[in-house]
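Visitor: Provided herewith is a single structure, encoded as structure tokens, for subsequent inquiry.
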Amino acid sequence: MKAWQIDAYRGPLHLADVPEPVLEPHDVLVEVHAAALNVADLMVGRGEFKAFLPAPVPLTYGQDLAGVVTAVGPAVTRFAVGDEVFGCLDVARPGGTMTERVAVAESDLARTPAGLSMVEAASLPLVSLTAWQVLVERAHVRPGQRVLVHAGSGGLGSVAVQIAKHLGATVATTTGTSNVEWVRALGADQVVDHRTQDFAELVHDQDLVLDGLGGEVLDKSFGVLRRGGQVVGVKGPPDRAFAKSLGLSPVLQTVMGVLSLRTNRRARKAGVRYSFLFMHSSGAQLEQIAALVDDGVLRPVVDRVYPFAETDQAYAHLATGRAKGKVVVSVRSRAGSGGFGDPVGVPARALGARLDRRRGQRLRGVGQQLARVVGDGLGGVQQRSGHGVVHDRE
Ligand SMILES: NC(=O)c1ccc[n+]([C@@H]2O[C@H](COP(=O)([O-])OP(=O)(O)OC[C@H]3O[C@@H](n4cnc5c(N)ncnc54)[C@H](OP(=O)(O)O)[C@@H]3O)[C@@H](O)[C@H]2O)c1
């Protein structure tokens with residue numbers, strides 16, 4: 001089978017022939033239909049994580065996927081062949097999703113939300129888990145709090161704005177001129193145009209800042225918090241608590257403590273806190289995220305969809321730093337997977353999901369099977385990115 005790989009850190013990304021994946025007892029084999037790109041893929045490829053998360057090369061790119069289960073390990077209990085799943089590979093596990101088939105721990109997967117295309121489902125896992133882990137797990141955002149999400153038009157920001165709003169926060173965000181209006185439509189109460197305005201002059205008294213930009217933006221973010229507020233940084237610098245959570249050596253813990261020394265001093269001086277967050281995979285959290293999609297709270301934001309053969313160009317687009325939502329690769333087209341714009345596939349999939357929610361163990365997956373039969377039979381072969389905010393079409 002084929003996979004997009006690098007043979008050495010910083011080496012060129014190329015299409016390679018790779019062996020079929022081998023299943024561990026708790027793994028499922030997923031036929032990948034769509035895989036989303038993340039900035040972290042590029043960072044792993046440049047060797048930026050190798051001090052704390054060494055990835056063996058050749059390395060297949062990608063963590064996010066949506067697809068269909070085609071085999072299960074002997075200890076798997078949550079999924080069966082035919083289930084439609086989405087998820088994010090554990091970054092510590094070798095392997096990637098820019099390929100045709102991949103082995104994934106069942107604990108890292110959930111069933112795809114009803115009504116989403118594979119492309120839309122693949123766009124969600126890593127960024128929605130990150131947003132969830134910052135806003136819910138780390139910061140415990142409550143109704144009435146004020147949250148600033150930097151880069152609300154990015155893959156992470158476009159999801160974080162929606163989840164923060166759902167949690168009852170008043171949400172401010174930053175983005176460039178051409179994105180101001182559609183980011184406001186995601187639910188942001190205040191949108192600051194970073195090209196013409198200075199957020200540090202316009203945003204005040206925040207309880208939380210989610211920062212994925214770092215540098216000067218991070219430094220200035222301490223000034224927009226109320227006393228006792230916090231910045232959760234996902235770009236860095238990493239801190240000692242993060243090193244400890246990974247079980248790194250005392251030396252590496254000290255190194256990361258030193259890396260965040262200056263940032264922590266600035267935070268203390270301003271009477272606020274700084275912490276670094278590195279997301280982790282979680283099928284259980286993805287189930288909660290799927291419920292938000294089902295309830296119409298969370299909409300995927302897909303920027304561009306590339307065919308599998310053009311995955312290198314998809315990464316080149318992501319690397320510009322100008323993506324408007326997620327960049328996704330369509331690995332395999334399937335009839336009836338057309339998302340909210342698909343008049344046949346969508347009702348069939350929604351009905352299927354409803355049946356599956358009521359299923360007994362014996363009827364596991366029957367709803368999805370039904371949806372596939374109806375969708376495939378009537379929907380025609382198409383793959384479309386048709387829900388939420390869509391900026392480009394494949
Ligand atoms: N630690 C973790 O676990 C974790 C997880 C997820 C993401 N991250 C990090 O979070 C960061 C964001 O990721 P992403 O996927 O959202 O990236 P992305 O999709 O590439 O972000 C692109 C967006 O950022 C906006 N932007 C760029 N500069 C900006 C500025 N100065 N002010 C406001 N907006 C700006 C751009 O809008 P314009 O074109 O209009 O400027 C564009 O829409 C990355 O550094 C990534 O590594 C970390």
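Naming scheme: A, B, ... for chains in displayed order of the structure tokens; residues 1 onward per chain; ligands 1 onward as shown.
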Taking 5 positions as the minimum chain separation for residues in the same chain, which residues sit within 12 Å of A:His140 when counting only C-alpha atoms? Answer as a short mmCIF file (atom, residue, chain, number, x, y, z; two decimals) with C-alpha atoms, in the first residue's frame.

Guide:
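Result written to selection-v6.cif:
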data_model
loop_
_atom_site.label_atom_id
_atom_site.label_comp_id
_atom_site.auth_asym_id
_atom_site.auth_seq_id
_atom_site.Cartn_x
_atom_site.Cartn_y
_atom_site.Cartn_z
CA ALA A 131 -9.55 22.98 22.21
CA TRP A 132 -11.45 20.67 24.58
CA GLN A 133 -8.37 19.95 26.66
CA VAL A 134 -7.51 23.66 26.98
CA LEU A 135 -11.02 24.97 27.60
CA GLN A 145 -16.06 34.01 31.63
CA VAL A 147 -11.88 33.91 26.63
CA ALA A 164 -15.72 28.35 24.10
CA LEU A 167 -19.38 26.72 27.25
CA GLY A 168 -21.03 30.11 27.79
CA ALA A 169 -17.93 32.30 27.49
CA ASP A 207 -10.07 34.91 32.23
CA LEU A 208 -8.22 32.81 29.67
CA GLN A 230 -4.23 32.38 32.69
CA VAL A 232 -2.60 28.28 28.03
#

Visitor: Go through chain A residue by residue and, counting only C-alpha atoms and all ligand atoms, keep those with an atom at most 7 Å from ligand 1; for each kept residue give the shortest atom pair and its distance in Å to one decimal, ordered by chain and increasing number, as a Markdown table.

Guide:
| residue | atom | partner | partner_atom_place_in_ligand_line | distance |
| --- | --- | --- | --- | --- |
| A:Asn38 | CA | ligand 1 | 15 (O) | 5.6 |
| A:Val39 | CA | ligand 1 | 47 (O) | 4.7 |
| A:Ala40 | CA | ligand 1 | 47 (O) | 5.1 |
| A:Leu126 | CA | ligand 1 | 6 (C) | 6.5 |
| A:Val127 | CA | ligand 1 | 6 (C) | 5.4 |
| A:Thr130 | CA | ligand 1 | 5 (C) | 5.3 |
| A:His150 | CA | ligand 1 | 33 (C) | 5.6 |
| A:Ala151 | CA | ligand 1 | 34 (N) | 3.4 |
| A:Gly152 | CA | ligand 1 | 34 (N) | 6.5 |
| A:Ser153 | CA | ligand 1 | 43 (O) | 4.1 |
| A:Gly154 | CA | ligand 1 | 19 (O) | 3.5 |
| A:Gly155 | CA | ligand 1 | 16 (O) | 3.8 |
| A:Leu156 | CA | ligand 1 | 16 (O) | 3.7 |
| A:Gly157 | CA | ligand 1 | 16 (O) | 5.3 |
| A:Thr174 | CA | ligand 1 | 33 (C) | 4.5 |
| A:Thr175 | CA | ligand 1 | 34 (N) | 3.9 |
| A:Gly176 | CA | ligand 1 | 40 (O) | 3.0 |
| A:Thr177 | CA | ligand 1 | 40 (O) | 6.1 |
| A:Ser178 | CA | ligand 1 | 40 (O) | 6.2 |
| A:Asn179 | CA | ligand 1 | 40 (O) | 5.7 |
| A:His194 | CA | ligand 1 | 32 (N) | 5.0 |
| A:Gly212 | CA | ligand 1 | 10 (O) | 3.9 |
| A:Leu213 | CA | ligand 1 | 45 (O) | 5.7 |
| A:Val234 | CA | ligand 1 | 1 (N) | 3.7 |
| A:Lys235 | CA | ligand 1 | 45 (O) | 4.7 |
| A:Leu277 | CA | ligand 1 | 1 (N) | 5.3 |
| A:Phe278 | CA | ligand 1 | 3 (O) | 3.5 |
| A:Met279 | CA | ligand 1 | 3 (O) | 3.7 |
| A:Leu318 | CA | ligand 1 | 20 (O) | 5.7 |
| A:Ala319 | CA | ligand 1 | 20 (O) | 6.8 |
| A:Gly321 | CA | ligand 1 | 20 (O) | 4.2 |
| A:Arg322 | CA | ligand 1 | 39 (O) | 3.8 |
| A:Ala323 | CA | ligand 1 | 43 (O) | 4.8 |
| A:Lys324 | CA | ligand 1 | 43 (O) | 4.4 |
| A:Gly325 | CA | ligand 1 | 19 (O) | 5.7 |
| A:Lys326 | CA | ligand 1 | 19 (O) | 6.2 |

Visitor: Could you check the closest approach to A:Arg240 for each of A:Val161, A:Leu286, A:Tyr315, A:Gly257 and tell me which residue wins, using only C-alpha atoms?

Guide: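 Counting only C-alpha atoms, the residue closest to A:Arg240 is A:Gly257.
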
Visitor: Would you give me, as a tab-separated table, each residue of stretch 203-294 of chain A having an atom within 8 Å of an atom of stretch 101-107 of chain A, along with its shortest atom pair and that distance in Å to one decimal, using only C-alpha atoms and sorting by chain and residue number?

Guide:
residue	atom	partner	partner_atom	distance
A:Ser282	CA	A:Ser107	CA	6.4
A:Gly283	CA	A:Ser107	CA	5.2
A:Ala284	CA	A:Ser107	CA	7.4

Visitor: Just to be explicit: take each residue in the selection above, keep C-alpha atoms, and write the result as a compact mmCIF listing (two decimals), in the first residue's frame.

Guide:
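To be explicit, this is the file written out as out-v1.txt:
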# COMPACT_ATOMS: atom_id res chain seq x y z
CA SER A 282 -8.87 10.34 23.49
CA GLY A 283 -11.73 8.41 21.93
CA ALA A 284 -13.86 9.18 24.99

Visitor: Find, counting only C-alpha atoms, the residue in A:His317, A:Arg146, A:Arg184, A:Lys50 that gets nearest to A:Gln162.

Guide: A:Arg184

Visitor: Pick out the residues sitting within 8 Å of A:Val119, and hand them over as a list in words; count only C-alpha atoms, and ignore anything fewer than 5 positions along from it in its own chain.

Guide: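 Final neighbour list, sorted by chain and number: His33, Ala34, Ala35, Ala36, Ala66, Val305, Val328, Val329, Ser330, Arg384 and Ser385 of chain A.
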
Visitor: Save out the residues we just selected, N, CA and C atoms, as a tab-separated table (two decimals), in the first residue's frame.

Guide:
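Everything below was put into again-v8.tsv:
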chain	number	residue	atom	x	y	z
A	33	HIS	N	-10.32	7.02	4.72
A	33	HIS	CA	-11.04	7.70	3.64
A	33	HIS	C	-10.59	9.16	3.53
A	34	ALA	N	-10.29	9.77	4.68
A	34	ALA	CA	-9.80	11.15	4.66
A	34	ALA	C	-8.85	11.34	5.82
A	35	ALA	N	-7.86	12.21	5.63
A	35	ALA	CA	-6.87	12.48	6.68
A	35	ALA	C	-6.61	13.98	6.69
A	36	ALA	N	-6.63	14.58	7.87
A	36	ALA	CA	-6.41	16.02	7.96
A	36	ALA	C	-4.96	16.31	8.33
A	66	ALA	N	-10.40	9.81	9.21
A	66	ALA	CA	-11.76	9.27	9.27
A	66	ALA	C	-11.79	8.12	8.27
A	305	VAL	N	-9.59	20.80	0.23
A	305	VAL	CA	-9.48	19.35	0.18
A	305	VAL	C	-8.60	18.98	-1.02
A	328	VAL	N	-7.47	19.20	4.32
A	328	VAL	CA	-7.78	17.77	4.42
A	328	VAL	C	-7.40	17.07	3.11
A	329	VAL	N	-6.94	15.84	3.25
A	329	VAL	CA	-6.66	15.01	2.07
A	329	VAL	C	-7.75	13.96	1.95
A	330	SER	N	-8.33	13.85	0.76
A	330	SER	CA	-9.32	12.81	0.50
A	330	SER	C	-8.56	11.58	-0.02
A	384	ARG	N	-17.74	15.50	-1.17
A	384	ARG	CA	-17.88	16.94	-1.19
A	384	ARG	C	-17.68	17.47	0.21
A	385	SER	N	-17.22	18.66	0.27
A	385	SER	CA	-17.00	19.30	1.56
A	385	SER	C	-18.12	20.31	1.70

Visitor: Would you list the contacts of A:Leu225 as a PyMOL selection string, taking every protein, DNA or RNA residue within 9 Å and counting only C-alpha atoms, but skipping same-chain residues closer than 4 positions in sequence?

Guide: chain A and resi 203-209+221+229-231+270-272

Visitor: Please dump the current selection as a CSV table (one decimal), in the first residue's frame; keep C-alpha atoms.

Guide:
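Contents of part_37.csv, as written:
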chain,number,residue,atom,x,y,z
A,203,VAL,CA,-9.1,43.3,24.6
A,204,HIS,CA,-9.2,43.4,28.5
A,205,ASP,CA,-10.1,41.5,31.6
A,206,GLN,CA,-9.9,38.0,30.0
A,207,ASP,CA,-10.1,34.9,32.2
A,208,LEU,CA,-8.2,32.8,29.7
A,209,VAL,CA,-6.1,33.2,26.6
A,221,SER,CA,-1.4,38.3,26.1
A,229,GLY,CA,-6.3,34.8,34.8
A,230,GLN,CA,-4.2,32.4,32.7
A,231,VAL,CA,-2.7,31.8,29.3
A,270,ALA,CA,1.4,40.5,35.6
A,271,GLY,CA,-0.3,38.5,38.4
A,272,VAL,CA,-1.4,35.7,36.0

Visitor: List every residue of stretch 36-81 of chain A that DSSP, applied to the backbone of this structure, assigns to helix (DSSP H, G or I), and report them as an MDAnalysis selection string.

Guide: chainID A and resid 39:45

Visitor: Store the residues picked out above, limited to N, CA and C atoms, as a compact mmCIF listing (two decimals), in the first residue's frame.

Guide:
# COMPACT_ATOMS: atom_id res chain seq x y z
N VAL A 39 -0.25 21.30 11.85
CA VAL A 39 1.06 21.94 11.91
C VAL A 39 2.05 21.00 12.60
N ALA A 40 1.54 20.20 13.56
CA ALA A 40 2.42 19.28 14.30
C ALA A 40 3.08 18.27 13.35
N ASP A 41 2.42 17.89 12.26
CA ASP A 41 3.03 16.94 11.31
C ASP A 41 4.34 17.52 10.77
N LEU A 42 4.28 18.81 10.44
CA LEU A 42 5.47 19.48 9.90
C LEU A 42 6.56 19.58 10.96
N MET A 43 6.13 19.83 12.20
CA MET A 43 7.11 19.96 13.30
C MET A 43 7.79 18.61 13.58
N VAL A 44 6.98 17.55 13.58
CA VAL A 44 7.56 16.21 13.77
C VAL A 44 8.55 15.94 12.64
N GLY A 45 8.17 16.28 11.42
CA GLY A 45 9.02 16.04 10.25
C GLY A 45 10.33 16.81 10.30

Visitor: Select from stretch 240-313 of chain A every residue with an atom at most 12 Å from any atom of stretch 78-99 of chain A, then for each give the shortest pair of atoms and their distance in Å to one decimal, using only C-alpha atoms, rows by chain and rising number, as CSV.

Guide:
residue,atom,partner,partner_atom,distance
A:Leu246,CA,A:Ala92,CA,10.2
A:Phe278,CA,A:Val91,CA,10.2
A:Met279,CA,A:Val91,CA,9.2
A:His280,CA,A:Asp90,CA,6.8
A:Ser281,CA,A:Asp90,CA,5.5
A:Ser282,CA,A:Cys88,CA,7.8
A:Gly283,CA,A:Gly87,CA,6.9
A:Ala284,CA,A:Gly87,CA,10.3
A:Gln285,CA,A:Gly87,CA,10.2
A:Leu286,CA,A:Gly87,CA,7.3
A:Glu287,CA,A:Phe86,CA,9.8
A:Ile289,CA,A:Gly87,CA,11.0
A:Ala290,CA,A:Phe86,CA,9.5
A:Tyr306,CA,A:Met98,CA,11.8
A:Pro307,CA,A:Met98,CA,11.1
A:Phe308,CA,A:Met98,CA,7.9
A:Ala309,CA,A:Met98,CA,10.3
A:Glu310,CA,A:Met98,CA,11.0
A:Thr311,CA,A:Met98,CA,7.9
A:Asp312,CA,A:Met98,CA,10.4

Visitor: Pull the strand (DSSP E) assignments for stretch 112-264 of chain A out of DSSP run on the backbone, and list those residues as a list in words.

Guide: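 Assigned to strand (DSSP E), within stretch 112-264 of chain A: Arg146, Val147, Leu148, Val149, Thr170, Val171, Ala172, Thr173, Thr174, Thr175, Gln190, Val191, Val192, Asp193, Gln206, Asp207, Leu208, Val209, Leu210, Asp211, Leu225, Arg226, Arg227, Gly228, Gly229, Gln230, Val231, Val232 and Gly233 of chain A.
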
Visitor: Record the distance separating atom CA of A:Glu24 and atom CA of A:Pro54, expressed in Å with one decimal.

Guide: 20.7 Å

Visitor: Take atom CA of A:Ser123 and atom CA of A:Val69 and report the distance between them in Å, one decimal.

Guide: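 Distance between the two atoms: 18.2 Å.
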
Visitor: Between A:Ser249, A:Val224, A:Glu120, A:Val192, which one has atoms that come closest to A:Val301, using only C-alpha atoms?

Guide: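 Of all the options, A:Glu120 lies closest to A:Val301.
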
Visitor: Do you know which residues are at most 10 Å from A:Asp7 counting only C-alpha atoms, after dropping those on the same chain fewer than 3 positions away, and could you put them as a PyMOL selection string?

Guide: chain A and resi 10-14+16+45+56-60

Visitor: Stretch 170-172 of chain A: which residues within 6 Å, counting only C-alpha atoms, same-chain residues fewer than 4 positions away excluded, as a ChimeraX atom specification?

Guide: /A:146-148,188-191

Visitor: By how many Å are atom CA of A:Pro113 and atom CA of A:Glu137 apart?

Guide: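 So the answer is 21.9 Å.
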